[in-house]
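Enquirer: The following file, entry_3.txt, comprises compact mmCIF, C-alpha atoms:
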# COMPACT_ATOMS: atom_id res chain seq x y z
CA MET I 12 3.97 -41.41 18.42
CA SER I 13 3.95 -38.56 15.89
CA VAL I 14 7.21 -36.91 14.91
CA PHE I 15 5.37 -33.59 14.68
CA PRO I 16 5.09 -31.15 17.59
CA SER I 17 1.68 -30.33 19.00
CA ARG I 18 0.09 -26.96 18.33
CA PRO I 19 1.33 -24.29 20.77
CA THR I 20 -1.38 -22.98 23.08
CA THR I 21 0.29 -20.21 25.07
CA GLY I 22 2.10 -17.05 24.10
CA ALA I 23 5.36 -18.41 25.50
CA GLU I 24 5.06 -21.64 23.49
CA ILE I 25 4.30 -19.72 20.30
CA ARG I 26 7.28 -17.39 20.84
CA ALA I 27 9.62 -20.33 21.44
CA MET I 28 8.46 -22.26 18.36
CA ASP I 29 8.51 -19.12 16.25
CA LYS I 30 12.07 -18.26 17.30
CA ALA I 31 13.25 -21.81 16.68
CA HIS I 32 11.73 -22.32 13.25
CA VAL I 33 10.15 -19.24 11.60
CA PHE I 34 12.27 -17.00 9.37
CA HIS I 35 10.79 -13.49 9.26
CA SER I 36 10.87 -11.03 6.39
CA TRP I 37 12.91 -7.80 6.46
CA SER I 38 14.39 -8.73 9.85
CA ALA I 39 17.59 -9.62 11.66
CA GLN I 40 16.26 -12.85 13.14
CA ASP I 41 17.83 -12.62 16.61
CA GLU I 42 16.80 -8.99 17.12
CA ILE I 43 13.01 -9.36 16.88
CA ALA I 44 10.32 -10.58 19.26
CA PRO I 45 7.02 -10.91 17.36
CA VAL I 46 3.87 -10.51 19.45
CA PRO I 47 1.72 -13.67 19.37
CA VAL I 48 -1.81 -12.70 18.40
CA LYS I 49 -4.65 -14.78 19.82
CA SER I 50 -7.72 -13.17 18.32
CA ALA I 51 -9.01 -10.16 16.45
CA SER I 52 -12.27 -8.43 15.65
CA GLY I 53 -13.00 -5.30 13.65
CA ALA I 54 -10.25 -2.76 14.29
CA VAL I 55 -8.80 -4.54 17.35
CA PHE I 56 -6.49 -7.50 17.86
CA THR I 57 -5.61 -9.22 21.16
CA ASP I 58 -2.42 -10.92 22.37
CA TYR I 59 -2.12 -13.97 24.64
CA GLU I 60 -1.74 -11.78 27.73
CA GLY I 61 -5.14 -10.26 27.06
CA ASN I 62 -3.87 -6.91 25.82
CA ASP I 63 -6.07 -5.25 23.18
CA TYR I 64 -4.51 -3.13 20.43
CA LEU I 65 -6.35 -0.71 18.19
CA ASP I 66 -4.90 -1.53 14.78
CA PHE I 67 -3.95 1.85 13.29
CA ALA I 68 -1.84 0.06 10.66
CA SER I 69 -4.50 -2.31 9.27
CA GLN I 70 -1.68 -4.84 9.72
CA LEU I 71 0.32 -3.87 6.60
CA VAL I 72 -2.43 -1.57 5.33
CA TYR I 73 -4.59 -4.39 4.01
CA THR I 74 -7.35 -5.26 6.50
CA ASN I 75 -9.60 -2.62 4.93
CA LEU I 76 -12.74 -4.36 6.17
CA GLY I 77 -11.20 -5.20 9.52
CA HIS I 78 -10.48 -8.45 11.30
CA GLN I 79 -12.85 -11.43 11.22
CA HIS I 80 -15.59 -9.72 9.23
CA PRO I 81 -18.44 -12.25 9.43
CA ARG I 82 -19.45 -11.92 5.77
CA LEU I 83 -15.90 -12.49 4.56
CA VAL I 84 -15.39 -15.48 6.85
CA SER I 85 -18.68 -16.95 5.61
CA ALA I 86 -17.59 -16.41 2.00
CA ILE I 87 -14.51 -18.57 2.61
CA LYS I 88 -16.57 -21.29 4.25
CA ASP I 89 -19.24 -21.28 1.54
CA GLN I 90 -16.67 -21.44 -1.25
CA ALA I 91 -14.75 -24.23 0.51
CA ASP I 92 -17.92 -26.30 0.65
CA ARG I 93 -18.39 -25.94 -3.12
CA LEU I 94 -14.90 -25.83 -4.68
CA VAL I 95 -11.72 -25.30 -2.69
CA THR I 96 -9.29 -25.08 -5.58
CA VAL I 97 -8.99 -25.41 -9.33
CA ALA I 98 -6.12 -24.70 -11.71
CA PRO I 99 -6.10 -21.33 -13.51
CA ALA I 100 -6.55 -23.02 -16.91
CA PHE I 101 -10.16 -23.75 -15.89
CA ALA I 102 -12.88 -21.16 -15.42
CA ASN I 103 -14.70 -20.82 -12.12
CA ASP I 104 -17.59 -18.70 -10.93
CA ALA I 105 -15.78 -16.79 -8.17
CA ARG I 106 -12.90 -15.72 -10.41
CA SER I 107 -15.19 -14.73 -13.27
CA GLN I 108 -17.51 -12.75 -11.04
CA LEU I 109 -14.71 -10.90 -9.24
CA ALA I 110 -13.05 -9.95 -12.54
CA ALA I 111 -16.37 -8.59 -13.82
CA MET I 112 -16.95 -6.66 -10.58
CA ILE I 113 -13.48 -5.10 -10.66
CA ALA I 114 -13.94 -4.13 -14.30
CA ALA I 115 -17.26 -2.51 -13.40
CA VAL I 116 -15.60 -0.08 -10.98
CA ALA I 117 -12.30 0.41 -12.81
CA PRO I 118 -11.88 3.63 -14.81
CA GLY I 119 -12.09 3.91 -18.59
CA ASP I 120 -11.63 0.77 -20.67
CA LEU I 121 -9.81 -1.29 -18.06
CA ASN I 122 -12.07 -4.29 -18.57
CA HIS I 123 -9.82 -7.30 -17.98
CA VAL I 124 -8.12 -8.77 -14.90
CA PHE I 125 -5.09 -11.02 -14.47
CA PHE I 126 -4.98 -12.45 -10.95
CA THR I 127 -1.85 -12.97 -8.87
CA ASN I 128 -1.11 -13.95 -5.29
CA GLY I 129 -0.09 -10.47 -4.15
CA GLY I 130 1.15 -7.02 -5.02
CA ALA I 131 4.74 -7.80 -6.00
CA GLU I 132 3.59 -10.38 -8.54
CA ALA I 133 1.01 -7.91 -9.81
CA ASN I 134 3.72 -5.35 -10.52
CA GLU I 135 6.02 -7.95 -12.06
CA ASN I 136 3.31 -9.00 -14.49
CA ALA I 137 2.17 -5.45 -15.23
CA VAL I 138 5.71 -4.63 -16.32
CA ARG I 139 5.87 -7.82 -18.38
CA MET I 140 2.68 -6.82 -20.17
CA ALA I 141 4.00 -3.32 -20.86
CA ARG I 142 7.28 -4.63 -22.24
CA VAL I 143 5.61 -7.05 -24.61
CA HIS I 144 2.97 -4.51 -25.63
CA THR I 145 5.50 -1.79 -26.48
CA GLY I 146 8.45 -3.89 -27.55
CA ARG I 147 10.60 -1.78 -25.21
CA ARG I 148 12.55 -2.67 -22.09
CA LYS I 149 13.10 0.27 -19.71
CA VAL I 150 10.79 1.08 -16.83
CA MET I 151 10.76 4.36 -14.91
CA SER I 152 9.77 4.49 -11.25
CA MET I 153 9.97 7.04 -8.45
CA TYR I 154 12.39 7.40 -5.63
CA ARG I 155 10.45 7.12 -2.35
CA SER I 156 8.37 4.18 -3.55
CA TYR I 157 7.80 0.51 -2.81
CA HIS I 158 6.63 -1.97 -5.44
CA GLY I 159 7.45 -5.38 -3.91
CA SER I 160 10.38 -7.64 -3.11
CA THR I 161 10.57 -9.84 -6.22
CA SER I 162 13.21 -9.22 -8.88
CA THR I 163 11.85 -6.40 -11.04
CA ALA I 164 9.57 -5.09 -8.28
CA ILE I 165 12.46 -4.54 -5.87
CA SER I 166 14.45 -2.92 -8.67
CA MET I 167 11.60 -0.44 -9.17
CA THR I 168 11.40 0.24 -5.45
CA GLY I 169 12.84 3.63 -4.55
CA ASP I 170 13.69 3.12 -0.88
CA PRO I 171 16.54 1.43 1.05
CA ARG I 172 15.00 -2.03 0.78
CA ARG I 173 16.33 -2.07 -2.79
CA TRP I 174 19.96 -1.48 -1.85
CA ALA I 175 20.84 -4.92 -0.50
CA ASN I 176 19.17 -6.58 -3.49
CA GLU I 177 21.30 -4.87 -6.15
CA PRO I 178 22.29 -5.48 -8.83
CA SER I 179 19.00 -6.70 -10.21
CA ASP I 180 16.97 -5.37 -13.16
CA SER I 181 19.35 -2.86 -14.76
CA SER I 182 16.67 -1.51 -17.11
CA VAL I 183 14.87 0.33 -14.30
CA VAL I 184 15.41 4.11 -14.14
CA HIS I 185 14.43 6.15 -11.07
CA PHE I 186 13.12 9.70 -11.07
CA PHE I 187 12.08 12.29 -8.48
CA GLY I 188 8.36 12.58 -7.95
CA PRO I 189 6.61 15.55 -6.35
CA TYR I 190 7.05 16.03 -2.59
CA ASP I 191 5.81 19.50 -1.76
CA TYR I 192 7.12 19.58 1.84
CA ARG I 193 10.66 18.55 0.80
CA SER I 194 10.64 19.71 -2.79
CA PRO I 195 13.57 18.47 -4.88
CA PHE I 196 12.61 21.19 -7.37
CA TYR I 197 12.78 24.17 -4.96
CA SER I 198 9.11 24.87 -5.58
CA SER I 199 7.15 27.47 -3.66
CA SER I 200 3.64 26.05 -4.17
CA PRO I 201 1.91 22.72 -4.94
CA GLN I 202 1.15 23.87 -8.48
CA GLU I 203 4.77 24.83 -9.08
CA GLU I 204 5.85 21.47 -7.63
CA SER I 205 3.56 19.71 -10.10
CA ASP I 206 4.79 21.72 -13.08
CA ARG I 207 8.47 21.33 -12.25
CA ALA I 208 8.15 17.61 -11.48
CA LEU I 209 6.49 17.03 -14.86
CA GLU I 210 9.13 19.08 -16.66
CA GLN I 211 11.92 17.09 -15.00
CA LEU I 212 10.22 13.79 -15.83
CA GLU I 213 9.85 14.69 -19.51
CA GLN I 214 13.46 15.83 -19.75
CA GLN I 215 14.62 12.56 -18.21
CA ILE I 216 12.49 10.59 -20.68
CA ILE I 217 14.08 12.48 -23.57
CA LEU I 218 17.60 11.92 -22.26
CA GLU I 219 16.95 8.22 -21.56
CA GLY I 220 15.47 7.78 -25.04
CA ALA I 221 11.70 7.85 -25.16
CA GLY I 222 11.68 4.98 -27.65
CA THR I 223 13.39 2.72 -25.11
CA ILE I 224 10.87 3.21 -22.25
CA ALA I 225 8.08 0.68 -21.89
CA ALA I 226 6.35 1.98 -18.78
CA ILE I 227 6.19 4.50 -15.99
CA ILE I 228 5.00 2.92 -12.73
CA MET I 229 3.87 5.04 -9.80
CA GLU I 230 1.98 4.54 -6.57
CA THR I 231 -1.00 6.83 -7.08
CA VAL I 232 -0.62 7.95 -3.48
CA VAL I 233 2.83 6.94 -2.27
CA GLY I 234 2.23 4.62 0.67
CA THR I 235 4.94 3.48 3.08
CA ASN I 236 7.32 6.20 1.91
CA GLY I 237 5.23 9.08 3.09
CA ILE I 238 1.55 9.14 2.03
CA LEU I 239 2.61 11.57 -0.68
CA VAL I 240 -0.56 12.93 -2.26
CA PRO I 241 0.03 14.10 -5.86
CA PRO I 242 -0.27 17.87 -6.36
CA PRO I 243 -2.80 19.44 -8.75
CA GLY I 244 -2.43 18.31 -12.35
CA TYR I 245 0.45 15.92 -11.75
CA LEU I 246 -1.24 12.62 -12.60
CA ALA I 247 -3.01 14.14 -15.60
CA GLY I 248 0.37 15.44 -16.73
CA VAL I 249 1.95 12.01 -16.43
CA ARG I 250 -0.93 10.57 -18.45
CA GLU I 251 -0.35 13.16 -21.18
CA ILE I 252 3.41 12.51 -21.27
CA CYS I 253 2.86 8.76 -21.53
CA ASP I 254 0.43 9.29 -24.42
CA ARG I 255 2.87 11.59 -26.19
CA TYR I 256 5.74 9.11 -26.09
CA GLY I 257 3.85 5.81 -26.35
CA ILE I 258 4.68 4.79 -22.78
CA VAL I 259 2.41 2.53 -20.69
CA TYR I 260 1.19 4.19 -17.48
CA ILE I 261 1.01 1.68 -14.61
CA ALA I 262 -0.77 2.82 -11.45
CA ASP I 263 0.38 0.82 -8.43
CA GLU I 264 -2.70 0.75 -6.21
CA VAL I 265 -1.68 -2.20 -4.06
CA MET I 266 -1.97 -0.06 -0.92
CA ALA I 267 -4.17 2.85 -2.06
CA GLY I 268 -6.86 0.88 -3.89
CA PHE I 269 -10.24 -0.49 -2.84
CA GLY I 270 -11.48 2.24 -0.54
CA ARG I 271 -8.36 3.41 1.27
CA THR I 272 -8.66 6.93 -0.21
CA GLY I 273 -12.46 6.91 -0.31
CA GLN I 274 -12.65 5.71 -3.92
CA TRP I 275 -12.55 2.30 -5.55
CA PHE I 276 -9.21 3.28 -7.01
CA ALA I 277 -7.14 6.24 -5.89
CA VAL I 278 -6.80 7.52 -9.47
CA ASP I 279 -10.53 8.26 -9.33
CA ASN I 280 -9.73 11.19 -7.03
CA TRP I 281 -8.01 12.86 -10.00
CA ASP I 282 -10.12 11.50 -12.89
CA VAL I 283 -7.12 9.81 -14.52
CA THR I 284 -7.20 6.51 -16.40
CA PRO I 285 -3.95 4.50 -16.48
CA ASP I 286 -3.25 1.66 -18.92
CA LEU I 287 -2.74 -0.87 -16.13
CA ILE I 288 -3.62 -0.90 -12.43
CA SER I 289 -1.89 -3.28 -10.04
CA PHE I 290 -3.81 -4.20 -6.89
CA ALA I 291 -3.80 -6.53 -3.86
CA LYS I 292 -4.30 -5.96 -0.10
CA GLY I 293 -7.70 -4.24 0.19
CA VAL I 294 -9.36 -6.23 -2.60
CA ASN I 295 -10.21 -8.86 0.01
CA SER I 296 -8.56 -7.49 3.16
CA GLY I 297 -5.87 -10.14 2.96
CA TYR I 298 -8.15 -12.93 4.19
CA VAL I 299 -6.66 -15.16 1.48
CA PRO I 300 -3.66 -13.92 -0.56
CA LEU I 301 -4.80 -12.17 -3.75
CA GLY I 302 -3.54 -9.53 -6.15
CA GLY I 303 -3.85 -8.71 -9.80
CA VAL I 304 -3.59 -6.37 -12.75
CA VAL I 305 -6.53 -4.52 -14.30
CA ILE I 306 -5.83 -4.29 -18.04
CA SER I 307 -6.97 -1.89 -20.76
CA ASP I 308 -8.62 -3.16 -23.93
CA ALA I 309 -5.61 -2.14 -26.02
CA ILE I 310 -3.11 -4.12 -23.95
CA ARG I 311 -5.45 -7.09 -23.75
CA GLU I 312 -5.61 -7.12 -27.56
CA THR I 313 -1.83 -7.50 -27.73
CA PHE I 314 -2.37 -10.96 -26.31
CA ALA I 315 -5.47 -11.88 -28.33
CA HIS I 316 -3.47 -14.20 -30.59
CA ARG I 317 -0.14 -14.08 -28.82
CA ALA I 318 0.41 -16.03 -25.61
CA PHE I 319 1.10 -13.98 -22.52
CA PRO I 320 4.50 -15.19 -21.25
CA GLY I 321 3.55 -15.57 -17.60
CA GLY I 322 1.34 -17.39 -15.15
CA LEU I 323 0.91 -18.62 -11.60
CA THR I 324 -0.28 -21.91 -10.14
CA TYR I 325 -2.79 -20.17 -7.90
CA SER I 326 -3.90 -17.36 -10.23
CA GLY I 327 -7.50 -16.52 -9.37
CA HIS I 328 -7.73 -19.02 -6.50
CA PRO I 329 -11.43 -19.66 -5.78
CA LEU I 330 -11.17 -19.04 -2.02
CA ALA I 331 -9.37 -15.73 -2.53
CA CYS I 332 -11.75 -14.59 -5.26
CA ALA I 333 -14.84 -15.55 -3.27
CA VAL I 334 -13.68 -13.27 -0.46
CA GLY I 335 -12.98 -10.55 -3.03
CA VAL I 336 -16.54 -10.80 -4.37
CA GLU I 337 -17.99 -10.46 -0.89
CA SER I 338 -15.59 -7.64 -0.01
CA LEU I 339 -16.79 -5.49 -2.90
CA ARG I 340 -20.39 -6.27 -2.00
CA VAL I 341 -19.79 -5.21 1.61
CA MET I 342 -18.17 -1.97 0.47
CA GLU I 343 -21.19 -1.20 -1.70
CA ASP I 344 -23.85 -2.37 0.79
CA ASP I 345 -22.34 -0.52 3.75
CA GLY I 346 -21.39 2.67 1.91
CA VAL I 347 -17.74 2.22 2.88
CA LEU I 348 -16.35 4.64 0.30
CA GLU I 349 -18.65 7.45 1.39
CA ARG I 350 -17.88 6.72 5.04
CA VAL I 351 -14.11 6.85 4.44
CA ARG I 352 -14.43 10.23 2.71
CA ASP I 353 -16.54 11.54 5.59
CA LEU I 354 -14.25 10.32 8.38
CA GLY I 355 -11.16 11.51 6.55
CA GLU I 356 -12.40 15.06 6.09
CA ARG I 357 -14.61 15.51 9.15
CA VAL I 358 -12.55 13.68 11.79
CA VAL I 359 -8.95 12.99 10.72
CA ARG I 360 -8.06 16.17 8.81
CA PRO I 361 -9.04 18.69 11.52
CA PHE I 362 -7.48 16.53 14.23
CA VAL I 363 -4.07 16.14 12.58
CA GLU I 364 -4.04 19.77 11.46
CA ASP I 365 -4.58 20.69 15.11
CA LEU I 366 -1.68 18.40 16.06
CA ALA I 367 0.50 20.36 13.67
CA GLN I 368 -0.46 23.58 15.46
CA ARG I 369 0.12 22.28 18.99
CA HIS I 370 3.16 19.99 18.68
CA PRO I 371 6.43 21.59 17.57
CA VAL I 372 7.69 18.12 16.59
CA VAL I 373 5.06 17.95 13.83
CA GLY I 374 6.38 19.49 10.62
CA ALA I 375 3.60 18.56 8.21
CA VAL I 376 0.44 16.49 7.87
CA ARG I 377 -1.10 15.22 4.65
CA GLY I 378 -3.47 12.58 3.43
CA VAL I 379 -6.75 11.57 1.86
CA GLY I 380 -9.53 9.25 3.04
CA LEU I 381 -8.14 7.07 5.86
CA PHE I 382 -4.57 7.34 4.59
CA TRP I 383 -2.56 10.02 6.45
CA ALA I 384 1.00 10.88 7.40
CA ILE I 385 2.31 12.99 10.28
CA GLU I 386 5.87 14.07 9.46
CA LEU I 387 8.10 14.69 12.48
CA VAL I 388 10.98 17.18 12.62
CA ARG I 389 13.59 18.51 15.02
CA ASP I 390 13.33 22.01 13.58
CA ARG I 391 10.31 23.39 11.75
CA GLU I 392 12.29 26.12 10.04
CA SER I 393 15.02 23.88 8.60
CA ARG I 394 12.66 20.86 8.39
CA GLU I 395 15.39 18.60 9.75
CA PRO I 396 13.76 15.16 10.22
CA LEU I 397 13.28 13.92 13.77
CA VAL I 398 15.41 10.89 12.86
CA PRO I 399 17.79 10.55 9.90
CA PHE I 400 16.79 8.85 6.65
CA ASN I 401 16.85 5.06 7.15
CA ALA I 402 17.75 5.50 10.82
CA ALA I 403 18.61 2.46 12.94
CA GLY I 404 19.79 1.78 16.48
CA GLU I 405 20.24 4.77 18.77
CA ALA I 406 19.55 7.21 15.92
CA ASN I 407 16.00 5.87 15.76
CA ALA I 408 15.39 6.05 19.52
CA PRO I 409 12.69 8.78 19.38
CA MET I 410 10.53 6.70 17.05
CA VAL I 411 11.01 3.62 19.23
CA GLU I 412 9.92 5.74 22.20
CA PHE I 413 6.83 6.86 20.31
CA ALA I 414 5.89 3.28 19.39
CA ALA I 415 6.27 2.10 22.98
CA ALA I 416 4.11 4.95 24.25
CA CYS I 417 1.37 4.03 21.77
CA LYS I 418 1.45 0.31 22.54
CA VAL I 419 1.28 0.73 26.31
CA ARG I 420 -1.85 2.82 25.71
CA GLY I 421 -3.42 0.14 23.48
CA LEU I 422 -2.61 1.51 20.02
CA TRP I 423 -0.61 -0.37 17.38
CA PRO I 424 0.98 2.36 15.23
CA PHE I 425 2.33 2.38 11.68
CA MET I 426 5.63 4.24 11.38
CA HIS I 427 8.28 4.66 8.70
CA PHE I 428 11.45 6.70 9.15
CA ASN I 429 10.41 10.08 10.64
CA ARG I 430 6.69 9.64 10.01
CA VAL I 431 3.63 8.32 11.78
CA HIS I 432 0.91 7.02 9.48
CA VAL I 433 -2.80 6.84 10.18
CA ALA I 434 -4.22 3.89 8.23
CA PRO I 435 -6.83 2.06 10.32
CA PRO I 436 -9.37 -0.43 8.98
CA LEU I 437 -12.04 1.36 6.97
CA VAL I 438 -14.71 -0.11 9.24
CA ILE I 439 -13.26 1.45 12.38
CA SER I 440 -15.89 3.13 14.53
CA GLU I 441 -15.73 6.89 14.90
CA GLU I 442 -15.18 6.45 18.63
CA GLU I 443 -12.21 4.13 18.01
CA LEU I 444 -10.79 6.47 15.40
CA VAL I 445 -10.89 9.42 17.79
CA ARG I 446 -9.37 7.32 20.58
CA GLY I 447 -6.50 6.28 18.33
CA LEU I 448 -5.87 9.89 17.34
CA GLN I 449 -5.95 10.95 21.00
CA ILE I 450 -3.34 8.31 21.89
CA THR I 451 -1.23 9.55 18.99
CA ASP I 452 -1.57 13.05 20.43
CA GLU I 453 -0.39 11.87 23.86
CA ALA I 454 2.59 10.00 22.43
CA LEU I 455 3.63 12.98 20.30
CA GLY I 456 3.79 15.01 23.49
CA LEU I 457 6.74 12.88 24.56
CA LEU I 458 8.62 13.77 21.38
CA ASP I 459 8.32 17.55 21.62
CA GLN I 460 11.41 17.48 23.86
CA TYR I 461 13.56 16.64 20.85
CA VAL I 462 12.74 19.88 19.03
CA LYS I 463 15.63 22.35 18.87
What does the file become when written as structure tokens?
Expert:
Amino acid sequence: MSVFPSRPTTGAEIRAMDKAHVFHSWSAQDEIAPVPVKSASGAVFTDYEGNDYLDFASQLVYTNLGHQHPRLVSAIKDQADRLVTVAPAFANDARSQLAAMIAAVAPGDLNHVFFTNGGAEANENAVRMARVHTGRRKVMSMYRSYHGSTSTAISMTGDPRRWANEPSDSSVVHFFGPYDYRSPFYSSSPQEESDRALEQLEQQIILEGAGTIAAIIMETVVGTNGILVPPPGYLAGVREICDRYGIVYIADEVMAGFGRTGQWFAVDNWDVTPDLISFAKGVNSGYVPLGGVVISDAIRETFAHRAFPGGLTYSGHPLACAVGVESLRVMEDDGVLERVRDLGERVVRPFVEDLAQRHPVVGAVRGVGLFWAIELVRDRESREPLVPFNAAGEANAPMVEFAAACKVRGLWPFMHFNRVHVAPPLVISEEELVRGLQITDEALGLLDQYVK
């Protein structure tokens, strides 16, 4: 008789085995009750009780091409029949082709790709490249950011997830990025916010010692921490500052890349070319873990005759890369980028702007493509958040109420602090998108009572 338990077949069995043996990330283990998922298709997933949920979070904003896309599933099967795995020291067709395809759509002279297993490793290695390339140590990153949970990545993160992991990489310096709605620079317009944010950044570089700074890393559109869309001229200004002081500009596009904003890379919305782009998530919709760094010619040349001091056992795994190849083909064949731009401007923008007019709890809306935030407040005039920063327990009750209202109506929301995010799979039907927005509208109606 086998010592191993049989595979659970009911929701109750899965919950029991999960609670007994699975250790979950970012969680107090005895205070969570994960929903067992039985199946999924497109923009919908189903639990073991037969409840369907419209996935307005794309899981963790990575199922860009939805659940169980037949072409992506077939790509895994076809690759498994030919070559399941091979060490990164060898070359293989899937890895080579995906690197060439990414280089073809990357901006400027970013013609080389180092593959990782996910976004945190991508950012770790991007920083490593910048440090070796410049011979400097410091890295600057924004408050209100997330770059991953590994050592340097969590140090660069500018939200509360960093706090419990300190001290870590002491050579990371944080700065305030632009946030027009809650301007740290007392700006009166987006252009003024851009100008003042750039001035503050340059002054901080000077005071830190420009010759000590290897890189500035920024999410092109800040993801979990607010869908903060950069104001006019900001990214171009960062590019100019980096050039002036010999600093490597790293664009973290783990969440915003591969179609989420309606472009291959979010920087394309502002015609800016970084030195390095980190990616993951949408490159293959998370069907097999994959991330990487897109590298400029200049940084690649640093390692032409000097070994890069890093590597991963599964770098460029054939199964992951095969799905990546097919993902990019699907995006091109189905006009996904154009569709995202259309749905974002024609459907989402007018709907959420109308929410802001009708619901007093809505303080601001912002976004691009299928990447939007609805910011909730108790008072529009003072802009007091609906729940405090990093709220927990009773203080977070309104957001818990909102989530419950969405789920009972068949919508799985994405929320962070006092914000609701709209980030569905890019293949969502227009009918599903409107239904999800309508459910959001209904749930927001329950929160208007909290407005002063």
Enquirer: Quick one: everything within 10 Å of stretch 48-60 of chain I, counting all atoms listed in the file, minus sequence neighbours fewer than 5 positions away in the same chain. Send it as a CSV table (one decimal) with C-alpha atoms, in the frame of the given file.
Expert:
chain,number,residue,atom,x,y,z
I,20,THR,CA,-1.4,-23.0,23.1
I,21,THR,CA,0.3,-20.2,25.1
I,22,GLY,CA,2.1,-17.0,24.1
I,23,ALA,CA,5.4,-18.4,25.5
I,25,ILE,CA,4.3,-19.7,20.3
I,65,LEU,CA,-6.4,-0.7,18.2
I,66,ASP,CA,-4.9,-1.5,14.8
I,67,PHE,CA,-4.0,1.8,13.3
I,68,ALA,CA,-1.8,0.1,10.7
I,69,SER,CA,-4.5,-2.3,9.3
I,70,GLN,CA,-1.7,-4.8,9.7
I,74,THR,CA,-7.4,-5.3,6.5
I,75,ASN,CA,-9.6,-2.6,4.9
I,76,LEU,CA,-12.7,-4.4,6.2
I,77,GLY,CA,-11.2,-5.2,9.5
I,78,HIS,CA,-10.5,-8.4,11.3
I,79,GLN,CA,-12.8,-11.4,11.2
I,80,HIS,CA,-15.6,-9.7,9.2
I,81,PRO,CA,-18.4,-12.2,9.4
I,421,GLY,CA,-3.4,0.1,23.5
I,422,LEU,CA,-2.6,1.5,20.0
I,423,TRP,CA,-0.6,-0.4,17.4
I,435,PRO,CA,-6.8,2.1,10.3
I,436,PRO,CA,-9.4,-0.4,9.0
I,437,LEU,CA,-12.0,1.4,7.0
I,438,VAL,CA,-14.7,-0.1,9.2
I,439,ILE,CA,-13.3,1.4,12.4
I,440,SER,CA,-15.9,3.1,14.5
I,443,GLU,CA,-12.2,4.1,18.0
I,444,LEU,CA,-10.8,6.5,15.4
Enquirer: Of the candidates I:Val388, I:Leu458, I:Cys253, I:Met153, which shows the shortest atom-to-atom distance to I:Val233, using only C-alpha atoms?
Expert: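 Looking at the shortest contact to I:Val233, the residue is I:Met153.
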Enquirer: Would you mind telling me which residue in I:Met426, I:Leu94, I:Leu339, I:Val184 lies nearest to I:Val411 when using only C-alpha atoms?
Expert: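 So, comparing all the options, the nearest one is I:Met426.
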Enquirer: So that I can see what lies close to stretch 320-326 of chain I, please list as a PyMOL selection string the residues with an atom at most 8 Å from it, counting all atoms listed in the file and leaving out residues fewer than 3 positions away in the same chain.
Expert: chain I and resi 98-99+125-128+136
Enquirer: Take the residues that were just selected and, keeping C-alpha atoms, output them as a short mmCIF file (atom, residue, chain, number, x, y, z; two decimals), keeping the file's coordinate frame.
Expert:
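So the final result, stored in result-v6.cif, reads:
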data_model
loop_
_atom_site.label_atom_id
_atom_site.label_comp_id
_atom_site.auth_asym_id
_atom_site.auth_seq_id
_atom_site.Cartn_x
_atom_site.Cartn_y
_atom_site.Cartn_z
CA ALA I 98 -6.12 -24.70 -11.71
CA PRO I 99 -6.10 -21.33 -13.51
CA PHE I 125 -5.09 -11.02 -14.47
CA PHE I 126 -4.98 -12.45 -10.95
CA THR I 127 -1.85 -12.97 -8.87
CA ASN I 128 -1.11 -13.95 -5.29
CA ASN I 136 3.31 -9.00 -14.49
#
Enquirer: Might you pull out every residue within 12 Å of I:Arg207, with only C-alpha atoms counted and same-chain residues fewer than 3 positions away left off, and present them as a PDB file with C-alpha atoms, in the coordinates of the input?
Expert:
ATOM      1  CA  PHE I 187      12.080  12.290  -8.480  1.00  0.00           C
ATOM      2  CA  GLY I 188       8.360  12.580  -7.950  1.00  0.00           C
ATOM      3  CA  PRO I 189       6.610  15.550  -6.350  1.00  0.00           C
ATOM      4  CA  TYR I 190       7.050  16.030  -2.590  1.00  0.00           C
ATOM      5  CA  ASP I 191       5.810  19.500  -1.760  1.00  0.00           C
ATOM      6  CA  SER I 194      10.640  19.710  -2.790  1.00  0.00           C
ATOM      7  CA  PRO I 195      13.570  18.470  -4.880  1.00  0.00           C
ATOM      8  CA  PHE I 196      12.610  21.190  -7.370  1.00  0.00           C
ATOM      9  CA  TYR I 197      12.780  24.170  -4.960  1.00  0.00           C
ATOM     10  CA  SER I 198       9.110  24.870  -5.580  1.00  0.00           C
ATOM     11  CA  SER I 199       7.150  27.470  -3.660  1.00  0.00           C
ATOM     12  CA  SER I 200       3.640  26.050  -4.170  1.00  0.00           C
ATOM     13  CA  PRO I 201       1.910  22.720  -4.940  1.00  0.00           C
ATOM     14  CA  GLN I 202       1.150  23.870  -8.480  1.00  0.00           C
ATOM     15  CA  GLU I 203       4.770  24.830  -9.080  1.00  0.00           C
ATOM     16  CA  GLU I 204       5.850  21.470  -7.630  1.00  0.00           C
ATOM     17  CA  GLU I 210       9.130  19.080 -16.660  1.00  0.00           C
ATOM     18  CA  GLN I 211      11.920  17.090 -15.000  1.00  0.00           C
ATOM     19  CA  LEU I 212      10.220  13.790 -15.830  1.00  0.00           C
ATOM     20  CA  GLU I 213       9.850  14.690 -19.510  1.00  0.00           C
ATOM     21  CA  GLN I 214      13.460  15.830 -19.750  1.00  0.00           C
ATOM     22  CA  PRO I 242      -0.270  17.870  -6.360  1.00  0.00           C
ATOM     23  CA  PRO I 243      -2.800  19.440  -8.750  1.00  0.00           C
ATOM     24  CA  GLY I 244      -2.430  18.310 -12.350  1.00  0.00           C
ATOM     25  CA  TYR I 245       0.450  15.920 -11.750  1.00  0.00           C
ATOM     26  CA  GLY I 248       0.370  15.440 -16.730  1.00  0.00           C
TER      27      GLY I 248
END
